[in-house]
Amino acid sequence: MAPPLLPLLLLFFLPALAAAHQRPSPYGSSSALTEWRNAKASYFSIDPEDAVGGACGFGDLGKHGYGMATVGLSTALFERGASCGGCYEVRCVEDLKYCLPGTSIVVTATNFCPPNYGFPADAGGVCNPPNHHFLLPIQAFEKIALWKAGVMPIQYRRVKCLREGGVRFSVSGKGSFFTVLISNVGGAGDVRSVKLKGTESGWLSMGRNWGQIWHINLDLKGQPVSFELSSSDGTTMTNFNVVPKDWEFGKTYTGKQFLL
(Lines give C-alpha, C1' and ligand atoms only; values in the text may rest on other atoms or scores of the structure.)
Protein backbone atom coordinates (compact mmCIF):
# COMPACT_ATOMS: atom_id res chain seq x y z
CA MET A 1 0.00 0.00 0.00
CA ALA A 2 1.28 3.50 -0.83
CA PRO A 3 2.50 5.59 2.14
CA PRO A 4 0.07 8.31 3.39
CA LEU A 5 0.45 11.55 1.41
CA LEU A 6 0.25 14.06 4.30
CA PRO A 7 3.28 12.79 6.27
CA LEU A 8 5.34 12.85 3.08
CA LEU A 9 4.31 16.43 2.34
CA LEU A 10 5.18 17.51 5.87
CA LEU A 11 8.54 15.75 5.64
CA PHE A 12 9.26 17.71 2.46
CA PHE A 13 7.98 21.17 3.45
CA LEU A 14 8.92 21.53 7.13
CA PRO A 15 12.69 21.79 6.52
CA ALA A 16 11.99 24.39 3.85
CA LEU A 17 9.81 26.41 6.23
CA ALA A 18 12.45 26.25 8.95
CA ALA A 19 15.14 27.35 6.52
CA ALA A 20 13.02 30.28 5.37
CA HIS A 21 12.46 31.35 8.96
CA GLN A 22 16.19 31.20 9.69
CA ARG A 23 17.34 32.79 6.44
CA PRO A 24 20.71 34.57 6.79
CA SER A 25 20.57 38.32 7.21
CA PRO A 26 20.83 40.35 4.00
CA TYR A 27 22.96 42.83 5.98
CA GLY A 28 26.51 41.62 5.35
CA SER A 29 28.39 39.95 8.17
CA SER A 30 31.34 42.27 7.47
CA SER A 31 29.15 45.12 8.74
CA ALA A 32 28.36 43.40 12.05
CA LEU A 33 30.00 44.83 15.17
CA THR A 34 28.63 42.23 17.62
CA GLU A 35 27.14 38.75 17.60
CA TRP A 36 23.39 38.15 17.68
CA ARG A 37 21.91 38.58 21.16
CA ASN A 38 18.48 37.87 22.62
CA ALA A 39 16.05 40.61 23.61
CA LYS A 40 12.38 41.60 23.37
CA ALA A 41 10.59 44.28 21.41
CA SER A 42 7.31 46.14 21.50
CA TYR A 43 5.92 49.06 19.52
CA PHE A 44 4.19 52.41 19.84
CA SER A 45 2.07 54.30 17.34
CA ILE A 46 3.29 57.62 15.96
CA ASP A 47 2.51 59.86 13.02
CA PRO A 48 5.68 60.41 10.93
CA GLU A 49 4.92 64.13 11.05
CA ASP A 50 5.38 63.99 14.83
CA ALA A 51 8.73 62.19 14.78
CA VAL A 52 10.58 64.84 16.78
CA GLY A 53 12.35 64.99 20.11
CA GLY A 54 13.74 61.98 21.91
CA ALA A 55 16.35 61.47 24.60
CA CYS A 56 19.26 61.60 22.13
CA GLY A 57 18.60 65.22 21.17
CA PHE A 58 18.28 64.66 17.42
CA GLY A 59 15.07 66.69 17.19
CA ASP A 60 13.30 66.27 13.84
CA LEU A 61 14.15 62.67 12.92
CA GLY A 62 13.07 63.12 9.30
CA LYS A 63 15.25 66.20 8.88
CA HIS A 64 18.26 64.36 10.31
CA GLY A 65 17.74 61.39 8.00
CA TYR A 66 16.56 58.80 10.53
CA GLY A 67 12.86 58.69 9.65
CA MET A 68 10.87 55.86 11.27
CA ALA A 69 13.76 53.37 11.32
CA THR A 70 14.50 54.27 14.93
CA VAL A 71 14.36 52.71 18.38
CA GLY A 72 14.11 53.61 22.05
CA LEU A 73 16.49 51.50 24.12
CA SER A 74 15.98 50.17 27.62
CA THR A 75 18.24 51.26 30.49
CA ALA A 76 20.60 48.31 30.02
CA LEU A 77 21.26 49.30 26.39
CA PHE A 78 20.95 53.10 26.45
CA GLU A 79 24.09 53.64 28.57
CA ARG A 80 22.99 57.14 29.65
CA GLY A 81 23.01 58.33 26.05
CA ALA A 82 26.31 56.82 24.97
CA SER A 83 24.49 54.45 22.58
CA CYS A 84 22.67 57.29 20.77
CA GLY A 85 23.21 57.11 17.03
CA GLY A 86 24.24 53.46 17.06
CA CYS A 87 22.66 51.08 14.55
CA TYR A 88 21.03 47.77 15.44
CA GLU A 89 19.86 45.02 13.15
CA VAL A 90 16.73 43.44 14.63
CA ARG A 91 14.98 40.23 13.62
CA CYS A 92 11.94 38.41 14.99
CA VAL A 93 12.52 34.88 16.35
CA GLU A 94 10.69 31.95 17.92
CA ASP A 95 7.16 33.07 17.02
CA LEU A 96 6.03 31.43 13.78
CA LYS A 97 2.53 32.88 14.24
CA TYR A 98 3.54 36.54 14.14
CA CYS A 99 7.10 36.75 12.76
CA LEU A 100 7.64 37.67 9.13
CA PRO A 101 10.12 34.93 8.13
CA GLY A 102 13.49 35.92 6.74
CA THR A 103 13.14 39.63 7.55
CA SER A 104 15.22 42.06 9.55
CA ILE A 105 15.42 45.82 9.90
CA VAL A 106 18.25 48.19 10.80
CA VAL A 107 17.25 50.92 13.24
CA THR A 108 19.08 53.84 14.84
CA ALA A 109 19.03 54.52 18.59
CA THR A 110 17.32 57.90 18.98
CA ASN A 111 15.41 57.56 22.23
CA PHE A 112 15.24 56.03 25.70
CA CYS A 113 12.64 53.52 26.91
CA PRO A 114 12.35 54.46 30.60
CA PRO A 115 11.90 51.88 33.34
CA ASN A 116 8.59 51.47 35.14
CA TYR A 117 9.45 50.34 38.63
CA GLY A 118 5.77 49.96 39.47
CA PHE A 119 5.99 46.59 37.72
CA PRO A 120 8.53 43.75 37.97
CA ALA A 121 10.99 43.43 35.08
CA ASP A 122 9.36 40.17 34.06
CA ALA A 123 5.75 41.33 34.43
CA GLY A 124 5.07 44.70 32.83
CA GLY A 125 8.33 46.58 33.42
CA VAL A 126 9.65 45.71 29.98
CA CYS A 127 12.34 48.41 30.00
CA ASN A 128 13.44 47.81 33.59
CA PRO A 129 17.00 46.64 34.22
CA PRO A 130 18.37 44.14 33.37
CA ASN A 131 16.05 43.73 30.36
CA HIS A 132 17.34 44.29 26.85
CA HIS A 133 14.27 45.83 25.23
CA PHE A 134 13.63 47.64 21.94
CA LEU A 135 10.70 50.06 21.70
CA LEU A 136 10.03 50.50 17.98
CA PRO A 137 7.69 52.77 16.02
CA ILE A 138 4.96 50.56 14.61
CA GLN A 139 6.22 51.40 11.09
CA ALA A 140 9.51 49.63 11.95
CA PHE A 141 7.94 46.83 14.01
CA GLU A 142 5.71 45.78 11.12
CA LYS A 143 8.78 45.20 8.93
CA ILE A 144 9.57 42.10 10.99
CA ALA A 145 6.31 41.04 12.68
CA LEU A 146 2.55 41.46 12.74
CA TRP A 147 1.32 44.17 15.10
CA LYS A 148 -0.79 41.61 17.00
CA ALA A 149 2.44 40.16 18.44
CA GLY A 150 2.64 42.83 21.16
CA VAL A 151 5.79 42.14 23.21
CA MET A 152 7.79 39.51 21.40
CA PRO A 153 11.21 37.84 21.42
CA ILE A 154 13.80 39.17 18.99
CA GLN A 155 17.50 38.97 18.30
CA TYR A 156 19.68 42.01 17.69
CA ARG A 157 23.24 42.89 16.84
CA ARG A 158 25.16 46.13 16.45
CA VAL A 159 26.02 46.89 12.83
CA LYS A 160 27.81 49.67 11.02
CA CYS A 161 25.68 52.67 10.16
CA LEU A 162 25.43 53.53 6.48
CA ARG A 163 24.86 57.29 6.17
CA GLU A 164 24.50 59.64 3.23
CA GLY A 165 26.75 62.68 3.33
CA GLY A 166 29.04 63.75 6.12
CA VAL A 167 28.75 64.11 9.88
CA ARG A 168 26.61 67.10 10.85
CA PHE A 169 27.52 69.61 13.56
CA SER A 170 24.56 71.71 14.74
CA VAL A 171 25.84 74.61 16.83
CA SER A 172 23.84 76.30 19.57
CA GLY A 173 24.38 78.06 22.88
CA LYS A 174 24.85 81.62 24.09
CA GLY A 175 27.92 83.72 24.71
CA SER A 176 30.73 81.45 25.89
CA PHE A 177 28.40 78.46 26.42
CA PHE A 178 28.97 76.46 23.23
CA THR A 179 27.02 73.30 22.43
CA VAL A 180 26.96 71.03 19.40
CA LEU A 181 24.58 68.29 18.33
CA ILE A 182 26.48 65.63 16.38
CA SER A 183 24.33 63.62 13.97
CA ASN A 184 24.43 61.50 10.82
CA VAL A 185 27.44 59.60 12.10
CA GLY A 186 28.52 56.58 10.03
CA GLY A 187 30.50 53.54 11.10
CA ALA A 188 29.76 52.68 14.73
CA GLY A 189 27.22 55.52 14.67
CA ASP A 190 27.70 56.58 18.27
CA VAL A 191 30.10 59.19 19.65
CA ARG A 192 31.84 58.34 22.91
CA SER A 193 34.13 61.36 23.25
CA VAL A 194 34.55 64.75 21.60
CA LYS A 195 37.44 67.19 21.54
CA LEU A 196 37.29 70.71 20.16
CA LYS A 197 39.90 73.17 18.99
CA GLY A 198 39.75 76.82 18.04
CA THR A 199 42.60 78.93 16.70
CA GLU A 200 43.24 80.31 20.19
CA SER A 201 43.27 77.03 22.07
CA GLY A 202 44.66 73.53 21.95
CA TRP A 203 42.47 70.43 21.91
CA LEU A 204 39.91 70.55 24.75
CA SER A 205 37.52 67.81 25.84
CA MET A 206 33.80 68.51 25.63
CA GLY A 207 31.25 67.14 28.10
CA ARG A 208 28.16 65.17 27.17
CA ASN A 209 25.22 67.44 27.92
CA TRP A 210 22.64 64.78 27.06
CA GLY A 211 22.25 62.29 24.23
CA GLN A 212 24.53 63.42 21.42
CA ILE A 213 24.61 67.07 22.50
CA TRP A 214 28.02 68.12 23.77
CA HIS A 215 29.08 71.33 25.52
CA ILE A 216 32.00 73.44 26.64
CA ASN A 217 32.40 76.86 28.27
CA LEU A 218 34.64 78.67 25.81
CA ASP A 219 34.36 81.86 23.77
CA LEU A 220 34.91 80.75 20.16
CA LYS A 221 33.49 83.76 18.32
CA GLY A 222 35.47 84.59 15.18
CA GLN A 223 37.42 81.33 15.29
CA PRO A 224 37.12 78.31 12.97
CA VAL A 225 36.36 75.22 15.05
CA SER A 226 37.73 71.71 14.60
CA PHE A 227 36.35 68.52 16.17
CA GLU A 228 37.88 65.16 17.03
CA LEU A 229 35.30 62.38 17.43
CA SER A 230 35.84 58.92 18.89
CA SER A 231 33.37 56.02 18.53
CA SER A 232 32.77 52.84 20.52
CA ASP A 233 34.70 50.76 17.98
CA GLY A 234 37.86 52.72 18.78
CA THR A 235 37.81 54.76 15.59
CA THR A 236 38.81 58.44 15.79
CA MET A 237 38.15 61.04 13.12
CA THR A 238 39.17 64.69 12.95
CA ASN A 239 37.22 67.37 11.09
CA PHE A 240 39.52 70.38 10.79
CA ASN A 241 37.88 73.82 10.60
CA VAL A 242 34.50 72.22 9.82
CA VAL A 243 32.83 75.19 11.53
CA PRO A 244 34.09 78.35 9.75
CA LYS A 245 35.26 81.48 11.56
CA ASP A 246 32.02 83.31 10.73
CA TRP A 247 29.85 80.58 12.31
CA GLU A 248 26.55 81.40 13.95
CA PHE A 249 24.46 79.78 16.67
CA GLY A 250 21.55 77.85 15.17
CA LYS A 251 23.44 76.77 12.05
CA THR A 252 24.46 73.26 10.95
CA TYR A 253 27.79 72.49 9.32
CA THR A 254 28.70 69.28 7.50
CA GLY A 255 32.09 67.61 7.70
CA LYS A 256 33.65 64.41 6.46
CA GLN A 257 32.38 60.96 7.37
CA PHE A 258 33.81 57.94 9.19
CA LEU A 259 35.20 55.37 6.76
CA LEU A 260 33.48 51.97 6.79
# chains A, B, ... in the order shown; residues from 1 in each chain; ligands from 1
$ closest_atom_pairs --of "segment 179-256 of chain A" --to "segment 150-166 of chain A" --cutoff "8 Å" --atoms "only C-alpha atoms" --output "JSON lines"
{"residue": "A:Asn184", "atom": "CA", "partner": "A:Arg163", "partner_atom": "CA", "distance": 6.3}
{"residue": "A:Val185", "atom": "CA", "partner": "A:Arg163", "partner_atom": "CA", "distance": 6.9}
{"residue": "A:Gly186", "atom": "CA", "partner": "A:Cys161", "partner_atom": "CA", "distance": 4.8}
{"residue": "A:Gly187", "atom": "CA", "partner": "A:Lys160", "partner_atom": "CA", "distance": 4.7}
{"residue": "A:Ala188", "atom": "CA", "partner": "A:Lys160", "partner_atom": "CA", "distance": 5.2}
{"residue": "A:Gly189", "atom": "CA", "partner": "A:Cys161", "partner_atom": "CA", "distance": 5.6}
{"residue": "A:Thr254", "atom": "CA", "partner": "A:Gly166", "partner_atom": "CA", "distance": 5.7}
{"residue": "A:Gly255", "atom": "CA", "partner": "A:Gly166", "partner_atom": "CA", "distance": 5.2}
{"residue": "A:Lys256", "atom": "CA", "partner": "A:Gly166", "partner_atom": "CA", "distance": 4.7}
$ write_last_selection --atoms "N, CA and C atoms" --output "tab-separated table (two decimals), in the first residue's frame"
chain	number	residue	atom	x	y	z
A	184	ASN	N	24.09	62.12	12.11
A	184	ASN	CA	24.43	61.50	10.82
A	184	ASN	C	25.82	60.87	10.83
A	185	VAL	N	26.12	60.20	11.93
A	185	VAL	CA	27.44	59.60	12.10
A	185	VAL	C	27.45	58.18	11.52
A	186	GLY	N	28.38	57.90	10.62
A	186	GLY	CA	28.52	56.58	10.03
A	186	GLY	C	29.41	55.68	10.87
A	187	GLY	N	29.67	54.49	10.36
A	187	GLY	CA	30.50	53.54	11.10
A	187	GLY	C	29.78	53.03	12.32
A	188	ALA	N	30.40	53.14	13.49
A	188	ALA	CA	29.76	52.68	14.73
A	188	ALA	C	28.49	53.48	15.03
A	189	GLY	N	28.42	54.72	14.53
A	189	GLY	CA	27.22	55.52	14.67
A	189	GLY	C	27.14	56.34	15.94
A	254	THR	N	28.46	70.68	7.86
A	254	THR	CA	28.70	69.28	7.50
A	254	THR	C	30.18	69.03	7.26
A	255	GLY	N	30.69	67.97	7.85
A	255	GLY	CA	32.09	67.61	7.70
A	255	GLY	C	32.24	66.30	6.95
A	256	LYS	N	33.40	65.69	7.11
A	256	LYS	CA	33.65	64.41	6.46
A	256	LYS	C	33.05	63.29	7.29
$ residues_around --residues "Cys127 of chain A" --least-positions-apart "5" --cutoff "9 Å" --atoms "only C-alpha atoms" --output "CSV table (one decimal) with N, CA, C and O atoms, in the first residue's frame"
chain,number,residue,atom,x,y,z
A,73,LEU,N,15.8,52.6,23.4
A,73,LEU,CA,16.5,51.5,24.1
A,73,LEU,C,16.2,51.5,25.6
A,73,LEU,O,16.1,52.5,26.2
A,74,SER,N,16.2,50.3,26.2
A,74,SER,CA,16.0,50.2,27.6
A,74,SER,C,17.2,50.6,28.3
A,74,SER,O,18.3,50.8,27.7
A,75,THR,N,17.1,50.8,29.7
A,75,THR,CA,18.2,51.3,30.5
A,75,THR,C,19.5,50.5,30.3
A,75,THR,O,20.6,51.1,30.1
A,76,ALA,N,19.4,49.2,30.2
A,76,ALA,CA,20.6,48.3,30.0
A,76,ALA,C,21.3,48.6,28.7
A,76,ALA,O,22.5,48.3,28.6
A,113,CYS,N,13.8,54.2,26.4
A,113,CYS,CA,12.6,53.5,26.9
A,113,CYS,C,12.8,53.5,28.4
A,113,CYS,O,13.5,52.7,28.9
A,114,PRO,N,12.1,54.4,29.2
A,114,PRO,CA,12.4,54.5,30.6
A,114,PRO,C,11.8,53.3,31.4
A,114,PRO,O,10.8,52.6,31.0
A,115,PRO,N,12.4,53.0,32.5
A,115,PRO,CA,11.9,51.9,33.3
A,115,PRO,C,10.6,52.3,34.0
A,115,PRO,O,10.3,53.5,34.2
A,116,ASN,N,9.8,51.3,34.4
A,116,ASN,CA,8.6,51.5,35.1
A,116,ASN,C,8.7,50.6,36.4
A,116,ASN,O,8.3,49.4,36.3
A,121,ALA,N,10.4,43.5,36.4
A,121,ALA,CA,11.0,43.4,35.1
A,121,ALA,C,10.4,42.3,34.2
A,121,ALA,O,10.5,42.4,33.0
A,132,HIS,N,16.9,43.7,28.1
A,132,HIS,CA,17.3,44.3,26.8
A,132,HIS,C,16.1,44.4,26.0
A,132,HIS,O,15.5,43.4,25.6
A,133,HIS,N,15.6,45.6,25.9
A,133,HIS,CA,14.3,45.8,25.2
A,133,HIS,C,14.4,46.9,24.2
A,133,HIS,O,15.0,47.9,24.4
A,134,PHE,N,13.7,46.7,23.1
A,134,PHE,CA,13.6,47.6,21.9
A,134,PHE,C,12.2,48.1,21.8
A,134,PHE,O,11.3,47.4,21.6
A,135,LEU,N,12.0,49.5,21.9
A,135,LEU,CA,10.7,50.1,21.7
A,135,LEU,C,10.7,50.7,20.3
A,135,LEU,O,11.4,51.7,20.1
$ select_by_dssp --residues "segment 88-227 of chain A" --states "helix (DSSP H, G or I)" --output "list in words"
Ile138, Gln139, Ala140, Phe141, Trp147, Lys148 and Ala149 of chain A
$ residues_around --residues "segment 251-253 of chain A" --least-positions-apart "3" --cutoff "7 Å" --atoms "only C-alpha atoms" --output "MDAnalysis selection string"
chainID A and resid 168:171 242:243 248
$ write_last_selection --atoms "N, CA, C and O atoms" --output "PDB file, in the first residue's frame"
ATOM      1  N   ARG A 168      27.176  65.766  10.714  1.00  0.00           N
ATOM      2  CA  ARG A 168      26.608  67.102  10.847  1.00  0.00           C
ATOM      3  C   ARG A 168      26.862  67.647  12.252  1.00  0.00           C
ATOM      4  O   ARG A 168      26.677  66.935  13.241  1.00  0.00           O
ATOM      5  N   PHE A 169      27.245  68.916  12.309  1.00  0.00           N
ATOM      6  CA  PHE A 169      27.522  69.610  13.561  1.00  0.00           C
ATOM      7  C   PHE A 169      26.552  70.782  13.673  1.00  0.00           C
ATOM      8  O   PHE A 169      26.692  71.775  12.949  1.00  0.00           O
ATOM      9  N   SER A 170      25.568  70.653  14.549  1.00  0.00           N
ATOM     10  CA  SER A 170      24.559  71.705  14.739  1.00  0.00           C
ATOM     11  C   SER A 170      24.928  72.503  15.982  1.00  0.00           C
ATOM     12  O   SER A 170      24.888  71.989  17.105  1.00  0.00           O
ATOM     13  N   VAL A 171      25.282  73.766  15.776  1.00  0.00           N
ATOM     14  CA  VAL A 171      25.840  74.607  16.830  1.00  0.00           C
ATOM     15  C   VAL A 171      24.738  75.424  17.510  1.00  0.00           C
ATOM     16  O   VAL A 171      23.886  76.014  16.845  1.00  0.00           O
ATOM     17  N   VAL A 242      35.793  72.540  10.412  1.00  0.00           N
ATOM     18  CA  VAL A 242      34.496  72.224   9.817  1.00  0.00           C
ATOM     19  C   VAL A 242      33.482  73.329  10.096  1.00  0.00           C
ATOM     20  O   VAL A 242      32.584  73.581   9.294  1.00  0.00           O
ATOM     21  N   VAL A 243      33.645  74.019  11.219  1.00  0.00           N
ATOM     22  CA  VAL A 243      32.829  75.191  11.528  1.00  0.00           C
ATOM     23  C   VAL A 243      33.668  76.422  11.188  1.00  0.00           C
ATOM     24  O   VAL A 243      34.717  76.645  11.792  1.00  0.00           O
ATOM     25  N   GLU A 248      27.629  80.794  13.177  1.00  0.00           N
ATOM     26  CA  GLU A 248      26.548  81.396  13.954  1.00  0.00           C
ATOM     27  C   GLU A 248      25.814  80.313  14.742  1.00  0.00           C
ATOM     28  O   GLU A 248      25.685  79.177  14.288  1.00  0.00           O
TER      29      GLU A 248
END
$ select_by_dssp --residues "segment 33-180 of chain A" --states "strand (DSSP E)" --output "ChimeraX atom specification"
/A:37-44,70-73,87-92,105-112,133-137,152-159,168-174,177-180
$ atom_distance --atom1 "atom CA of Gly211 of chain A" --atom2 "atom CA of Ala69 of chain A"
17.8 Å
$ decode --residues "segment 186-198 of chain A" --atoms "N, CA and C atoms" --output "tab-separated table (two decimals), in the first residue's frame"
chain	number	residue	atom	x	y	z
A	186	GLY	N	28.38	57.90	10.62
A	186	GLY	CA	28.52	56.58	10.03
A	186	GLY	C	29.41	55.68	10.87
A	187	GLY	N	29.67	54.49	10.36
A	187	GLY	CA	30.50	53.54	11.10
A	187	GLY	C	29.78	53.03	12.32
A	188	ALA	N	30.40	53.14	13.49
A	188	ALA	CA	29.76	52.68	14.73
A	188	ALA	C	28.49	53.48	15.03
A	189	GLY	N	28.42	54.72	14.53
A	189	GLY	CA	27.22	55.52	14.67
A	189	GLY	C	27.14	56.34	15.94
A	190	ASP	N	27.72	55.84	17.01
A	190	ASP	CA	27.70	56.58	18.27
A	190	ASP	C	28.94	57.46	18.38
A	191	VAL	N	28.94	58.35	19.36
A	191	VAL	CA	30.10	59.19	19.65
A	191	VAL	C	30.36	59.08	21.14
A	192	ARG	N	31.53	58.57	21.51
A	192	ARG	CA	31.84	58.34	22.91
A	192	ARG	C	32.67	59.47	23.54
A	193	SER	N	33.40	60.21	22.72
A	193	SER	CA	34.13	61.36	23.25
A	193	SER	C	34.34	62.38	22.14
A	194	VAL	N	34.40	63.65	22.55
A	194	VAL	CA	34.55	64.75	21.60
A	194	VAL	C	35.60	65.72	22.12
A	195	LYS	N	36.50	66.12	21.24
A	195	LYS	CA	37.44	67.19	21.54
A	195	LYS	C	37.23	68.31	20.52
A	196	LEU	N	37.52	69.50	20.97
A	196	LEU	CA	37.29	70.71	20.16
A	196	LEU	C	38.54	71.57	20.17
A	197	LYS	N	38.74	72.29	19.08
A	197	LYS	CA	39.90	73.17	18.99
A	197	LYS	C	39.56	74.41	18.18
A	198	GLY	N	39.83	75.57	18.77
A	198	GLY	CA	39.75	76.82	18.04
A	198	GLY	C	41.15	77.27	17.66
